[in-house]
Structures are given as C-alpha cells and as structure tokens.
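Visitor: Okay, handing you the structure first.
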Amino acid sequence: MAHIAADTTPRPAHPLGYLTSENRDTWAKVRQELVAAGNAESLAAVDHAAFNLVLDGQVVGQDPELCYRTFLYGDGGNRWFDKSFSLILSADGIAALNFEHSWGDGVAVMRYFNEVSEDVEKHCFVGPDSPPAPLDPSKHVKILEWRVPDSVAAAVEAARRSYEAATSALAVHVLEAPCVSKRLCKHHRVSPDAVAQLGLQVAYRMLYGGTAATYESCSTSAFKHGRTETVRPATLQTKAFSEAVCEGDTRDVAKLKALVNECSKVHNQLTKEAAMGPCCFL
C-alpha cells in the first residue's frame with residue numbers, strides 16, 4: 001500500500017470510474033467499446049477482484065458533512081461502483097464501506113464488516129510499528145493499462161458531468177442532538193426508529209410545507225432468500241405531529257407527547273408487517 005501511495009503516475013485524463021455511475025444501458029454499450037479497443041484483460045482484472053480498495057486523498061477529520069461527501073459518493077473517477085464493495089480509506093486513516101446493492105443488503109453486509117472490524121481490533125496482525133514484509137512491491141503491483149478511443153473519452157466526460165450534477169444536488173446538513181438518544185426513547189416507551197423517521201417528516205415540512213412519500217428499508221432476512229420490504233413512514237399520524245410542531249402550539253407538551261406515542265405505535269405496526277412479509281406483489 002505504501003508503494004501504491006507513493007506512486008507518481010499522473011491521474012488519467014479520462015478516469016473510467018465515472019462510467020460505473022452511468023445508466024446501466026449506457027455503461028454496457030461503452031464497456032463493449034472498451035473491450036473492442038483491446039481492454040478485455042484490464043476489465044477482467046477489475047471484474048475478478050474480490051473488492052475495491054480506495055486510497056482517497058481527502059482528509060475528512062471530524063467533519064460529518066465532509067465524511068458523507070467522501071464516503072457516500074466521493075471522487076467518481078477513483079471509484080468503481082460495479083464492485084461488490086469498496087473499502088474506502090481517507091488520507092487521515094478514516095475507513096468506510098460503499099457497496100453495490102444488487103447482491104446484498106445493509107444488514108448482512110454491515111454484520112460481516114462489524115465482525116471483521118472486531119476481529120482486527122482483537123487480533124492485531126500488523127500495526128504502525130510492524131516491519132515491512134521482505135518483498136519487492138513492484139513485482140506484486142500492476143498498473144492496468146487502458147486504451148481509450150475518442151468515443152469512450154467522450155462518454156467518460158458525459159458521465160462526469162452527470163455524476164457531478166447528481167452529487168451537487170445532494171445536500172446533507174448534520175444536526176447532533178445528544179439529548180435525544182436511543183435510551184431516552186426507550187425510557188419514554190417510544191420507538192427510536194419512529195422518532196428518527198418523525199424527525200425527517202418534521203424537517204421536510206419545515207423546508208417544503210408539506211409531506212412527501214417516504215421510503216425506509218426493512219430487512220426480511222428472517223426468510224430464506226429474503227431481502228427487503230418497504231416501510232412507508234409518512235402517515236396521517238406523522239402529518240398531524242409535523243403540523244403541530246410547525247404550525248401549532250408547541251407549548252402543549254401533553255398533546256405533542258400523545259402524538260409522538262401514536263406515531264410510534266403506527267410505525268411499529270408498519271415495521272412489523274413489513275418484516276413478516278405478508279405482502280403479495282402481482
């Protein structure tokens with residue numbers, strides 16, 4: 001890794017990673033052009049890799065907004081979004097995971113990585129003071145060579161523009177409220193997830209003055225081949241609470257508490273129904 005980090009090879013003029021963020025049909029067509037141009041071996045090397053390790057040059061520090069920009073999407077030129085998962089390391093040693101969704105869901109993937117993380121922390125095989133292995137990195141590290149015809153270069157630039165337009169339209173602002181915790185929610189016998197979803201509903205109403213259809217993923221891994229089901233957190237109950245907070249009298253604590261309890265009750269029922277898989281899609 002030190003050998004790779006110290007490499008001075010300039011960034012390619014047309015980073016192919018942007019293509020993996022494209023529309024699937026568009027990327028499939030451009031991929032065939034890459035194969036035809038003599039890049040089948042390099043593509044096979046990427047395809048056969050177990051995962052993608054991203055050594056990102058960004059220093060994220062403790063800035064939560066910089067973290068989400070770096071790890072949620074980052075520099076599309078040094079990502080390969082088709083890979084099963086990408087382990088991303090910032091320049092200051094912060095690690096994150098970004099994975100392609102078709103093969104797995106968050107519950108299973110995060111359990112796997114949490115167990116790996118726990119094992120690494122308990123059994124430190126290497127550390128900052130570990131001596132380097134007695135090998136020549138240049139014999140084990142290969143820079144992939146790419147032949148990029150003009151049509152592919154144009155496709156990369158189009159993908160870059162689309163990527164930058166999409167990511168620049170995403171705004172996330174972090175508000176940390178330590179006083180609102182999982183423990184507090186359980187103390188008051190309301191669902192922490194329901195409270196979190198309720199916060200999103202209130203925020204949306206404050207910004208846009210209304211309610212929008214909202215998606216929350218619910219794992220159905222209790223069933224063989226189970227993936228996910230959809231929970232719809234936007235309900236008449238969350239609408240009533242949002243209206244009370246945004247347009248009503250927030251001094252009526254008893255009323256607000258009753259509304260929160262009702263939101264939690266309905267949300268728990270929706271989550272239970274989603275997890276148990278009674279829905280049938282024709």
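Each chain of the structure tokens is named A, B, ... in the order shown, its residues numbered from 1; ligands are numbered from 1 in display order.
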When you look at Asp47 of chain A with a cut-off of 10 Å (counting only C-alpha atoms), what residues show up, excluding the ones that are within fewer than 6 positions of it in the same chain? I need them as a count of residues only.
Guide: 4
Visitor: With only C-alpha atoms as the counted atoms, please give the residues lying no more than 12 Å from segment 35-38 of chain A, apart from itself and same-chain residues fewer than 5 positions off, as a ChimeraX atom specification.
Guide: /A:28-30,43-44,145-152
Visitor: For His3 of chain A, work out the shell of residues within 9 Å, counting only C-alpha atoms and skipping chain neighbours fewer than 2 positions away, then give it as a list in words.
Guide: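 Near neighbours after the sequence-gap exclusion: Met1, Ala5, Ala6, Asp7, Pro137, Ser138 and Val141 of chain A.
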Visitor: Please return, as number ranges by chain, all residues of segment 18-225 of chain A that DSSP assigns to alpha helix (DSSP H) on the basis of the backbone.
Guide: A: 24-34, 40-48, 64-68, 106-122, 150-168, 182-187, 192-208
Visitor: Could you tell me how far atom CA of Ala95 of chain A lies from atom CA of Cys67 of chain A, in Å and to one decimal?
Guide: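 These atoms are spaced 9.9 Å apart.
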Visitor: Going by DSSP on the backbone, which bits of segment 41-157 of chain A are strand (DSSP E)? Write them as a list in words, please.
Guide: Asn52, Leu53, Val54, Leu55, Phe85, Ser86, Leu87, Ile88, Leu89, Ala95, Ala96, Leu97, Asn98 and Phe99 of chain A
Visitor: If you take only C-alpha atoms and a cut-off of 10 Å, which residues of segment 162-196 of chain A touch segment 228-241 of chain A, and what are their nearest atom pairs and distances in Å to one decimal, in chain and number order, as a Markdown table?
Guide:
```
| residue | atom | partner | partner_atom | distance |
| --- | --- | --- | --- | --- |
| A:Asp193 | CA | A:Pro233 | CA | 9.9 |
| A:Ala194 | CA | A:Pro233 | CA | 7.9 |
| A:Val195 | CA | A:Thr238 | CA | 9.9 |
```
Visitor: Those same residues - C-alpha atoms - I'd like them written as a PDB file, in the first residue's frame.
Guide:
```pdb
ATOM      1  CA  ASP A 193     -36.611   4.411  14.729  1.00  0.00           C
ATOM      2  CA  ALA A 194     -40.064   6.002  14.783  1.00  0.00           C
ATOM      3  CA  VAL A 195     -38.609   9.124  16.410  1.00  0.00           C
TER       4      VAL A 195
END
```
Visitor: Pick the closest to Gly77 of chain A from A:Phe223, A:Tyr215, A:Tyr208, A:Tyr163: which is it, counting only C-alpha atoms?
Guide: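 Looking only at the distances to Gly77 of chain A, the closest residue turns out to be A:Tyr163.
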Visitor: Need the shell around Gln62 of chain A: protein/DNA/RNA residues with any atom at most 12 Å away, counting only C-alpha atoms. Skip same-chain ones fewer than 4 positions apart. Format as a list in words?
Guide: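 The residues that qualify are Leu66, Cys67, Tyr68, Ser90, Asp92, Gly93 and Ile94 of chain A.
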Visitor: Give one line per residue of segment 123-209 of chain A that approaches segment 10-18 of chain A to at most 6 Å, naming the two atoms of the closest pair and their distance in Å to one decimal, counting only C-alpha atoms; sort by chain then ascending residue number and deliver it as JSON lines.
Guide:
```
{"residue": "A:Ala153", "atom": "CA", "partner": "A:His14", "partner_atom": "CA", "distance": 5.9}
{"residue": "A:Ala159", "atom": "CA", "partner": "A:Tyr18", "partner_atom": "CA", "distance": 5.7}
{"residue": "A:Arg160", "atom": "CA", "partner": "A:Tyr18", "partner_atom": "CA", "distance": 5.7}
```
Visitor: Please produce an output containing C-alpha atoms for each residue in the selection, written as a tab-separated table (two decimals), in the first residue's frame.
Guide:
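The new file out-v8.tsv reads:
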```
chain	number	residue	atom	x	y	z
A	153	ALA	CA	-13.36	9.54	-23.79
A	159	ALA	CA	-20.63	10.55	-17.27
A	160	ARG	CA	-18.52	13.00	-15.29
```
Visitor: Need the shell around Ile4 of chain A: protein/DNA/RNA residues with any atom at most 12 Å away, counting only C-alpha atoms. Skip same-chain ones fewer than 5 positions apart. Format as a PyMOL selection string?
Guide: chain A and resi 9+53-56+137-138+140-143
Visitor: Those residues with C-alpha atoms, as a CSV table (one decimal), in the first residue's frame please?
Guide:
```csv
chain,number,residue,atom,x,y,z
A,9,THR,CA,1.8,8.2,-12.1
A,53,LEU,CA,-9.7,-0.7,-2.1
A,54,VAL,CA,-9.9,3.1,-2.5
A,55,LEU,CA,-7.0,5.1,-1.1
A,56,ASP,CA,-8.7,8.5,-1.2
A,137,PRO,CA,6.2,-4.4,-4.2
A,138,SER,CA,6.9,-3.7,-7.8
A,140,HIS,CA,3.2,-7.7,-7.0
A,141,VAL,CA,1.6,-4.4,-8.0
A,142,LYS,CA,0.5,-3.9,-11.6
A,143,ILE,CA,-0.8,-0.7,-13.1
```
Visitor: Counting only C-alpha atoms, figure out which residue out of A:Val156, A:Ala133, A:Met110, A:Leu87 gets nearest to Glu22 of chain A.
Guide: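 Closest candidate: A:Val156.
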Visitor: Which one is closest to Glu164 of chain A: A:Arg69, A:Lys139, A:Lys272, A:His48? Count only C-alpha atoms.
Guide: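 Answer, going by the shortest atom-to-atom distance: A:Arg69.
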Visitor: Excluding same-chain residues fewer than 2 positions from Asn268 of chain A, what lies within 12 Å of it counting only C-alpha atoms, as a PDB file with N, CA and C atoms, in the first residue's frame?
Guide:
```pdb
ATOM      1  N   ARG A 189     -40.805   4.851  26.237  1.00  0.00           N
ATOM      2  CA  ARG A 189     -41.554   3.786  25.582  1.00  0.00           C
ATOM      3  C   ARG A 189     -42.037   4.160  24.185  1.00  0.00           C
ATOM      4  N   VAL A 190     -41.155   4.785  23.450  1.00  0.00           N
ATOM      5  CA  VAL A 190     -41.408   5.049  22.039  1.00  0.00           C
ATOM      6  C   VAL A 190     -40.262   4.472  21.220  1.00  0.00           C
ATOM      7  N   SER A 191     -40.537   4.112  19.990  1.00  0.00           N
ATOM      8  CA  SER A 191     -39.537   3.502  19.123  1.00  0.00           C
ATOM      9  C   SER A 191     -38.482   4.518  18.691  1.00  0.00           C
ATOM     10  N   PRO A 192     -37.183   4.235  18.919  1.00  0.00           N
ATOM     11  CA  PRO A 192     -36.137   5.146  18.434  1.00  0.00           C
ATOM     12  C   PRO A 192     -36.208   5.350  16.918  1.00  0.00           C
ATOM     13  N   ASP A 193     -36.508   4.279  16.183  1.00  0.00           N
ATOM     14  CA  ASP A 193     -36.611   4.411  14.729  1.00  0.00           C
ATOM     15  C   ASP A 193     -37.784   5.307  14.359  1.00  0.00           C
ATOM     16  N   ALA A 194     -38.897   5.158  15.060  1.00  0.00           N
ATOM     17  CA  ALA A 194     -40.064   6.002  14.783  1.00  0.00           C
ATOM     18  C   ALA A 194     -39.737   7.467  15.027  1.00  0.00           C
ATOM     19  N   VAL A 195     -38.990   7.743  16.092  1.00  0.00           N
ATOM     20  CA  VAL A 195     -38.609   9.124  16.410  1.00  0.00           C
ATOM     21  C   VAL A 195     -37.675   9.679  15.329  1.00  0.00           C
ATOM     22  N   GLN A 197     -37.517   8.724  12.162  1.00  0.00           N
ATOM     23  CA  GLN A 197     -38.320   8.957  10.969  1.00  0.00           C
ATOM     24  C   GLN A 197     -39.222  10.178  11.135  1.00  0.00           C
ATOM     25  N   CYS A 218     -36.739  -2.295   5.206  1.00  0.00           N
ATOM     26  CA  CYS A 218     -36.918  -3.218   6.323  1.00  0.00           C
ATOM     27  C   CYS A 218     -36.420  -4.597   5.895  1.00  0.00           C
ATOM     28  N   VAL A 231     -41.038   0.062   4.171  1.00  0.00           N
ATOM     29  CA  VAL A 231     -41.862   0.708   5.192  1.00  0.00           C
ATOM     30  C   VAL A 231     -42.133   2.125   4.705  1.00  0.00           C
ATOM     31  N   ARG A 232     -43.378   2.573   4.822  1.00  0.00           N
ATOM     32  CA  ARG A 232     -43.745   3.935   4.434  1.00  0.00           C
ATOM     33  C   ARG A 232     -43.977   4.762   5.694  1.00  0.00           C
ATOM     34  N   PRO A 233     -42.940   5.498   6.137  1.00  0.00           N
ATOM     35  CA  PRO A 233     -43.048   6.201   7.427  1.00  0.00           C
ATOM     36  C   PRO A 233     -43.973   7.421   7.404  1.00  0.00           C
ATOM     37  N   ASN A 261     -46.510   9.310  20.717  1.00  0.00           N
ATOM     38  CA  ASN A 261     -46.866   7.936  21.073  1.00  0.00           C
ATOM     39  C   ASN A 261     -47.676   7.267  19.971  1.00  0.00           C
ATOM     40  N   GLU A 262     -48.598   8.007  19.386  1.00  0.00           N
ATOM     41  CA  GLU A 262     -49.425   7.447  18.313  1.00  0.00           C
ATOM     42  C   GLU A 262     -48.575   7.179  17.067  1.00  0.00           C
ATOM     43  N   CYS A 263     -47.649   8.092  16.762  1.00  0.00           N
ATOM     44  CA  CYS A 263     -46.736   7.888  15.627  1.00  0.00           C
ATOM     45  C   CYS A 263     -45.911   6.616  15.838  1.00  0.00           C
ATOM     46  N   SER A 264     -45.401   6.441  17.048  1.00  0.00           N
ATOM     47  CA  SER A 264     -44.588   5.271  17.360  1.00  0.00           C
ATOM     48  C   SER A 264     -45.403   3.993  17.223  1.00  0.00           C
ATOM     49  N   LYS A 265     -46.614   4.011  17.709  1.00  0.00           N
ATOM     50  CA  LYS A 265     -47.485   2.836  17.639  1.00  0.00           C
ATOM     51  C   LYS A 265     -47.741   2.426  16.193  1.00  0.00           C
ATOM     52  N   VAL A 266     -48.087   3.390  15.358  1.00  0.00           N
ATOM     53  CA  VAL A 266     -48.381   3.095  13.948  1.00  0.00           C
ATOM     54  C   VAL A 266     -47.110   2.645  13.222  1.00  0.00           C
ATOM     55  N   LEU A 270     -46.389  -0.881  11.185  1.00  0.00           N
ATOM     56  CA  LEU A 270     -45.965  -0.927   9.782  1.00  0.00           C
ATOM     57  C   LEU A 270     -44.662  -1.715   9.633  1.00  0.00           C
ATOM     58  N   THR A 271     -43.731  -1.503  10.560  1.00  0.00           N
ATOM     59  CA  THR A 271     -42.442  -2.203  10.505  1.00  0.00           C
ATOM     60  C   THR A 271     -42.641  -3.705  10.713  1.00  0.00           C
ATOM     61  N   LYS A 272     -43.486  -4.055  11.666  1.00  0.00           N
ATOM     62  CA  LYS A 272     -43.761  -5.469  11.929  1.00  0.00           C
ATOM     63  C   LYS A 272     -44.382  -6.139  10.709  1.00  0.00           C
ATOM     64  N   GLU A 273     -45.336  -5.464  10.076  1.00  0.00           N
ATOM     65  CA  GLU A 273     -45.982  -6.033   8.890  1.00  0.00           C
ATOM     66  C   GLU A 273     -44.984  -6.208   7.755  1.00  0.00           C
ATOM     67  N   ALA A 274     -44.077  -5.238   7.578  1.00  0.00           N
ATOM     68  CA  ALA A 274     -43.075  -5.344   6.517  1.00  0.00           C
ATOM     69  C   ALA A 274     -42.115  -6.493   6.782  1.00  0.00           C
ATOM     70  N   ALA A 275     -41.670  -6.630   8.031  1.00  0.00           N
ATOM     71  CA  ALA A 275     -40.688  -7.659   8.382  1.00  0.00           C
ATOM     72  C   ALA A 275     -41.259  -9.066   8.241  1.00  0.00           C
TER      73      ALA A 275
END
```
